[in-house]
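First up is the structure itself, then whatever we jot down about it.
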Amino acid sequence: MDSRLVTPYIESTVQIIRQMTGIEVTEISEPMPGSGEILAYGVTSVIAFAGTIKGRLLIDFQPELAVHIIKNLMGEENPVLRDRLMLGCIAEMNNIIAGDANTLLNNEYGLGLRLAPPMVVTGKNMMLASSKVDSVTVLGRTDYGDFKLNIAFQGGLPS
Amino acid sequence: MKRILIVDDSPMIHNLLRKTLERNGYEVCADATNGREGVELFETHRPDLVFMDITMPVMDGIEAVKTIKAKYPEAKIIMLTAMGDDEIMTQALEAGVEVFLKKPFDDYKIISAIAKVI
């Protein structure tokens, strides 16, 4: 996949997690071609977007990291992961990350990407599958747990 | 005390923005979760200021701003949204918003924007 479509999501993820929660991403892998199947860590948010091309951003957190994110965001001492407001935090963070990256792509390449409402699912070792879509996976690490990004697009940048 | 209406479909944004506003001496007079509800609550409460998201169900924020401004041109509205590209910013400003802010936010960003408007 064209790295110009991928890099903004990686950079926005690192920056927004730091800005909103104070949590530093200590390691981030190179983008790896996705197989179409993702074995989830446990707290997974997906947001789709469409303009001149279509795509989606999936962010999957280990539950310990999701708990720390919510704790730092909301000031909750013992957040319950299945609570609607708590899961809403993860969805909104994905919304803000995708919005930030899409803003850059729209201004740079005129893609006109617009966000659909995000969704969140929880469950360890869930298998998430999507076919007929070009995707890459990026693994990230923080002091509180790991996360993965899966960035997918149908179509490429205009030549 | 200045009264503020929050229109956003995210409970997290309501929660964080309310905390930010209240600790800086503002009153949140109502919360709406979509544009249509935002228009209705504006008419009921006539707040000094509105924080408005764009992407929401039922009625989006741009449409809600146009509806409010058509009837109440003196209304003060700050757009607070995840998307901030040139096209969407132009649409928001043409609809009549006073200030356009991109999420995420902190106290400084919010309070500076309010100071420009009221």
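Identifiers for the structure tokens are assigned positionally: chains receive A, B, ... in sequence, residues are indexed from 1 per chain, and ligands are indexed from 1 in the order shown.
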Would you mind listing what lies within 10 Å of segment 70-75 of chain B as number ranges by chain, with only C-alpha atoms counted and same-chain residues fewer than 2 positions away left out? B: 42-43, 46-50, 64-68, 77, 95-98
With N, CA and C atoms retained, export the selected residues as a PDB file, in the first residue's frame.
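So selection_37.pdb came out as:
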ATOM      1  N   PHE B  42     -31.494  24.887  21.739  1.00  0.00           N
ATOM      2  CA  PHE B  42     -31.100  26.292  21.595  1.00  0.00           C
ATOM      3  C   PHE B  42     -32.324  27.192  21.791  1.00  0.00           C
ATOM      4  N   GLU B  43     -33.426  26.804  21.155  1.00  0.00           N
ATOM      5  CA  GLU B  43     -34.651  27.626  21.243  1.00  0.00           C
ATOM      6  C   GLU B  43     -35.210  27.644  22.664  1.00  0.00           C
ATOM      7  N   ARG B  46     -31.828  29.350  24.867  1.00  0.00           N
ATOM      8  CA  ARG B  46     -31.177  30.560  24.372  1.00  0.00           C
ATOM      9  C   ARG B  46     -29.828  30.791  25.074  1.00  0.00           C
ATOM     10  N   PRO B  47     -28.888  29.858  24.896  1.00  0.00           N
ATOM     11  CA  PRO B  47     -27.593  29.960  25.574  1.00  0.00           C
ATOM     12  C   PRO B  47     -26.740  31.108  25.033  1.00  0.00           C
ATOM     13  N   ASP B  48     -25.730  31.493  25.805  1.00  0.00           N
ATOM     14  CA  ASP B  48     -24.809  32.538  25.344  1.00  0.00           C
ATOM     15  C   ASP B  48     -23.878  32.004  24.256  1.00  0.00           C
ATOM     16  N   LEU B  49     -23.661  30.676  24.266  1.00  0.00           N
ATOM     17  CA  LEU B  49     -22.702  30.084  23.334  1.00  0.00           C
ATOM     18  C   LEU B  49     -23.056  28.615  23.106  1.00  0.00           C
ATOM     19  N   VAL B  50     -22.739  28.131  21.896  1.00  0.00           N
ATOM     20  CA  VAL B  50     -22.951  26.714  21.575  1.00  0.00           C
ATOM     21  C   VAL B  50     -21.623  26.102  21.127  1.00  0.00           C
ATOM     22  N   ALA B  64     -27.358  22.195  11.429  1.00  0.00           N
ATOM     23  CA  ALA B  64     -27.871  22.770  12.685  1.00  0.00           C
ATOM     24  C   ALA B  64     -27.436  24.229  12.827  1.00  0.00           C
ATOM     25  N   VAL B  65     -26.201  24.522  12.463  1.00  0.00           N
ATOM     26  CA  VAL B  65     -25.721  25.914  12.544  1.00  0.00           C
ATOM     27  C   VAL B  65     -26.538  26.794  11.603  1.00  0.00           C
ATOM     28  N   LYS B  66     -26.757  26.313  10.374  1.00  0.00           N
ATOM     29  CA  LYS B  66     -27.542  27.107   9.406  1.00  0.00           C
ATOM     30  C   LYS B  66     -28.939  27.370   9.942  1.00  0.00           C
ATOM     31  N   THR B  67     -29.548  26.337  10.541  1.00  0.00           N
ATOM     32  CA  THR B  67     -30.912  26.484  11.061  1.00  0.00           C
ATOM     33  C   THR B  67     -30.958  27.494  12.205  1.00  0.00           C
ATOM     34  N   ILE B  68     -30.009  27.379  13.108  1.00  0.00           N
ATOM     35  CA  ILE B  68     -29.991  28.310  14.258  1.00  0.00           C
ATOM     36  C   ILE B  68     -29.718  29.740  13.770  1.00  0.00           C
ATOM     37  N   ILE B  77     -21.590  30.507  17.963  1.00  0.00           N
ATOM     38  CA  ILE B  77     -21.358  29.058  17.830  1.00  0.00           C
ATOM     39  C   ILE B  77     -19.891  28.759  17.552  1.00  0.00           C
ATOM     40  N   ALA B  95     -21.467  28.692   7.011  1.00  0.00           N
ATOM     41  CA  ALA B  95     -22.734  28.468   7.738  1.00  0.00           C
ATOM     42  C   ALA B  95     -22.898  29.486   8.859  1.00  0.00           C
ATOM     43  N   GLY B  96     -21.777  30.074   9.291  1.00  0.00           N
ATOM     44  CA  GLY B  96     -21.874  31.158  10.266  1.00  0.00           C
ATOM     45  C   GLY B  96     -21.190  30.930  11.608  1.00  0.00           C
ATOM     46  N   VAL B  97     -20.369  29.869  11.730  1.00  0.00           N
ATOM     47  CA  VAL B  97     -19.725  29.668  13.035  1.00  0.00           C
ATOM     48  C   VAL B  97     -18.691  30.770  13.278  1.00  0.00           C
ATOM     49  N   GLU B  98     -18.529  31.097  14.551  1.00  0.00           N
ATOM     50  CA  GLU B  98     -17.584  32.158  14.910  1.00  0.00           C
ATOM     51  C   GLU B  98     -16.149  31.640  14.938  1.00  0.00           C
TER      52      GLU B  98
END
Residues within 10 Å of Glu37 of chain B, please, as a list in words. Count only C-alpha atoms; anything in the same chain fewer than 4 positions from it doesn't count. Val7, Asp31, Ala32, Thr33, Leu41, Phe42, Glu43, Val58, Met59 and Ala64 of chain B
Chain A residues near chain B (6 Å cut-off, only C-alpha atoms) as a ChimeraX atom specification: /A:89,96,99,103,107
So the first atom is atom CA of Gln15 of chain A and the second is atom CA of Met32 of chain A; what is the distance between them in Å, to one decimal place? 20.7 Å
Excluding Ser29 of chain A and any residue of its chain fewer than 2 positions from it, enumerate the residues within 12 Å of it, using only C-alpha atoms, and give them as a list in words.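 Result of the neighbour search: Thr7, Ile10, Val25, Thr26, Glu27, Pro31, Met32, Pro33, Val136, Thr137, Val138, Leu139, Gly140, Arg141, Asp146, Phe147, Lys148 and Leu149 of chain A.
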For the residues selected in the previous step, produce a file with N, CA and C atoms as a PDB file, in the first residue's frame.
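File written: part_8.pdb
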ATOM      1  N   THR A   7       1.189   6.532   6.541  1.00  0.00           N
ATOM      2  CA  THR A   7       1.952   7.307   7.529  1.00  0.00           C
ATOM      3  C   THR A   7       1.089   8.273   8.359  1.00  0.00           C
ATOM      4  N   ILE A  10      -0.449   6.491  11.361  1.00  0.00           N
ATOM      5  CA  ILE A  10       0.523   6.093  12.389  1.00  0.00           C
ATOM      6  C   ILE A  10       0.911   7.322  13.209  1.00  0.00           C
ATOM      7  N   VAL A  25       3.961   6.283  23.194  1.00  0.00           N
ATOM      8  CA  VAL A  25       4.185   5.061  22.421  1.00  0.00           C
ATOM      9  C   VAL A  25       5.696   4.852  22.372  1.00  0.00           C
ATOM     10  N   THR A  26       6.167   3.771  22.980  1.00  0.00           N
ATOM     11  CA  THR A  26       7.612   3.561  23.120  1.00  0.00           C
ATOM     12  C   THR A  26       8.209   2.797  21.935  1.00  0.00           C
ATOM     13  N   GLU A  27       7.399   1.993  21.274  1.00  0.00           N
ATOM     14  CA  GLU A  27       7.884   1.258  20.090  1.00  0.00           C
ATOM     15  C   GLU A  27       6.779   1.237  19.055  1.00  0.00           C
ATOM     16  N   PRO A  31       5.106  -0.788   8.875  1.00  0.00           N
ATOM     17  CA  PRO A  31       3.856  -1.369   8.375  1.00  0.00           C
ATOM     18  C   PRO A  31       4.094  -2.716   7.700  1.00  0.00           C
ATOM     19  N   MET A  32       3.244  -3.710   8.045  1.00  0.00           N
ATOM     20  CA  MET A  32       3.371  -5.055   7.453  1.00  0.00           C
ATOM     21  C   MET A  32       2.103  -5.343   6.653  1.00  0.00           C
ATOM     22  N   PRO A  33       2.235  -5.964   5.500  1.00  0.00           N
ATOM     23  CA  PRO A  33       1.034  -6.266   4.714  1.00  0.00           C
ATOM     24  C   PRO A  33       0.043  -7.101   5.518  1.00  0.00           C
ATOM     25  N   VAL A 136      -2.619  -2.794   5.779  1.00  0.00           N
ATOM     26  CA  VAL A 136      -1.335  -2.992   6.468  1.00  0.00           C
ATOM     27  C   VAL A 136      -1.597  -2.971   7.967  1.00  0.00           C
ATOM     28  N   THR A 137      -0.732  -3.684   8.691  1.00  0.00           N
ATOM     29  CA  THR A 137      -0.828  -3.718  10.148  1.00  0.00           C
ATOM     30  C   THR A 137       0.441  -3.105  10.744  1.00  0.00           C
ATOM     31  N   VAL A 138       0.253  -2.335  11.809  1.00  0.00           N
ATOM     32  CA  VAL A 138       1.378  -1.714  12.523  1.00  0.00           C
ATOM     33  C   VAL A 138       1.215  -2.075  14.001  1.00  0.00           C
ATOM     34  N   LEU A 139       2.297  -2.559  14.616  1.00  0.00           N
ATOM     35  CA  LEU A 139       2.231  -2.918  16.033  1.00  0.00           C
ATOM     36  C   LEU A 139       2.856  -1.803  16.872  1.00  0.00           C
ATOM     37  N   GLY A 140       2.197  -1.469  17.971  1.00  0.00           N
ATOM     38  CA  GLY A 140       2.705  -0.410  18.840  1.00  0.00           C
ATOM     39  C   GLY A 140       2.818  -0.903  20.269  1.00  0.00           C
ATOM     40  N   ARG A 141       3.705  -0.260  21.029  1.00  0.00           N
ATOM     41  CA  ARG A 141       3.914  -0.656  22.433  1.00  0.00           C
ATOM     42  C   ARG A 141       3.940   0.584  23.318  1.00  0.00           C
ATOM     43  N   ASP A 146       0.145  -3.229  24.712  1.00  0.00           N
ATOM     44  CA  ASP A 146       0.376  -3.122  23.263  1.00  0.00           C
ATOM     45  C   ASP A 146      -0.916  -2.772  22.527  1.00  0.00           C
ATOM     46  N   PHE A 147      -0.739  -2.300  21.305  1.00  0.00           N
ATOM     47  CA  PHE A 147      -1.886  -2.058  20.434  1.00  0.00           C
ATOM     48  C   PHE A 147      -1.488  -2.358  19.005  1.00  0.00           C
ATOM     49  N   LYS A 148      -2.485  -2.529  18.163  1.00  0.00           N
ATOM     50  CA  LYS A 148      -2.184  -2.648  16.739  1.00  0.00           C
ATOM     51  C   LYS A 148      -3.134  -1.781  15.929  1.00  0.00           C
ATOM     52  N   LEU A 149      -2.607  -1.289  14.832  1.00  0.00           N
ATOM     53  CA  LEU A 149      -3.411  -0.533  13.882  1.00  0.00           C
ATOM     54  C   LEU A 149      -3.550  -1.376  12.638  1.00  0.00           C
TER      55      LEU A 149
END
So which residues touch Gly155 of chain A within 12 Å, counting only C-alpha atoms, skipping near sequence neighbours fewer than 4 positions away, as a PyMOL selection string? chain A and resi 1-2+5+50-55+111+132-135+159
Atomic separation - atom CA of Leu104 of chain A relative to atom CA of Glu11 of chain A, Å: 10.9 Å
Write out as a ChimeraX atom specification all residues of segment 1-150 of chain A that backbone DSSP assigns to alpha helix (DSSP H). /A:3-21,63-74,84-109
Please return, as a PyMOL selection string, all residues of chain A that DSSP assigns to strand (DSSP E) on the basis of the backbone. chain A and resi 25-28+32-33+37-39+43-50+54-61+114-115+119-122+127-129+134-142+145-154
Any idea what's packed within 8 Å of segment 122-131 of chain A, counting only C-alpha atoms, ignoring anything in its chain fewer than 5 positions away? Could you give it as an mmCIF file with N, CA and C atoms, in the first residue's frame?
data_model
loop_
_atom_site.group_PDB
_atom_site.id
_atom_site.type_symbol
_atom_site.label_atom_id
_atom_site.label_comp_id
_atom_site.auth_asym_id
_atom_site.auth_seq_id
_atom_site.Cartn_x
_atom_site.Cartn_y
_atom_site.Cartn_z
ATOM 1 N N GLY A 36 -5.679 -10.035 5.922
ATOM 2 C CA GLY A 36 -7.139 -10.076 5.822
ATOM 3 C C GLY A 36 -7.763 -10.602 7.098
ATOM 4 N N GLU A 37 -6.927 -11.159 7.997
ATOM 5 C CA GLU A 37 -7.445 -11.640 9.282
ATOM 6 C C GLU A 37 -6.655 -11.001 10.418
ATOM 7 N N ILE A 38 -7.363 -10.570 11.449
ATOM 8 C CA ILE A 38 -6.707 -9.933 12.592
ATOM 9 C C ILE A 38 -7.148 -10.647 13.857
ATOM 10 N N LEU A 39 -6.183 -11.117 14.634
ATOM 11 C CA LEU A 39 -6.496 -11.727 15.923
ATOM 12 C C LEU A 39 -6.481 -10.602 16.962
ATOM 13 N N ALA A 40 -7.654 -10.285 17.507
ATOM 14 C CA ALA A 40 -7.780 -9.081 18.328
ATOM 15 C C ALA A 40 -7.135 -9.241 19.706
ATOM 16 N N TYR A 41 -6.542 -8.150 20.198
ATOM 17 C CA TYR A 41 -6.016 -8.116 21.570
ATOM 18 C C TYR A 41 -7.156 -8.083 22.590
ATOM 19 N N GLY A 42 -8.242 -7.384 22.253
ATOM 20 C CA GLY A 42 -9.346 -7.384 23.220
ATOM 21 C C GLY A 42 -10.296 -6.209 23.161
ATOM 22 N N VAL A 43 -9.808 -4.987 22.854
ATOM 23 C CA VAL A 43 -10.695 -3.823 22.770
ATOM 24 C C VAL A 43 -10.434 -3.180 21.411
ATOM 25 N N THR A 44 -11.382 -3.340 20.518
ATOM 26 C CA THR A 44 -11.144 -3.012 19.114
ATOM 27 C C THR A 44 -12.144 -1.980 18.624
ATOM 28 N N ARG A 82 -16.668 -2.712 29.980
ATOM 29 C CA ARG A 82 -17.912 -2.923 29.242
ATOM 30 C C ARG A 82 -18.904 -1.778 29.435
#
Pick the closest to Leu115 of chain A from B:Ile111, B:Ala30, B:Ile54, B:Lys116: which is it, counting only C-alpha atoms?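 Closest candidate: B:Ile54.
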Using only C-alpha atoms, which residue out of A:Val14, A:Glu30, A:Glu24, A:Phe49 lies closest to Asn106 of chain A? A:Phe49
Could you tell me how far atom CA of Gly61 of chain B sits from atom CA of Pro117 of chain A, in Å to one decimal place?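 Atom-to-atom, atom CA of Pro117 of chain A and atom CA of Gly61 of chain B are spaced 14.1 Å apart.
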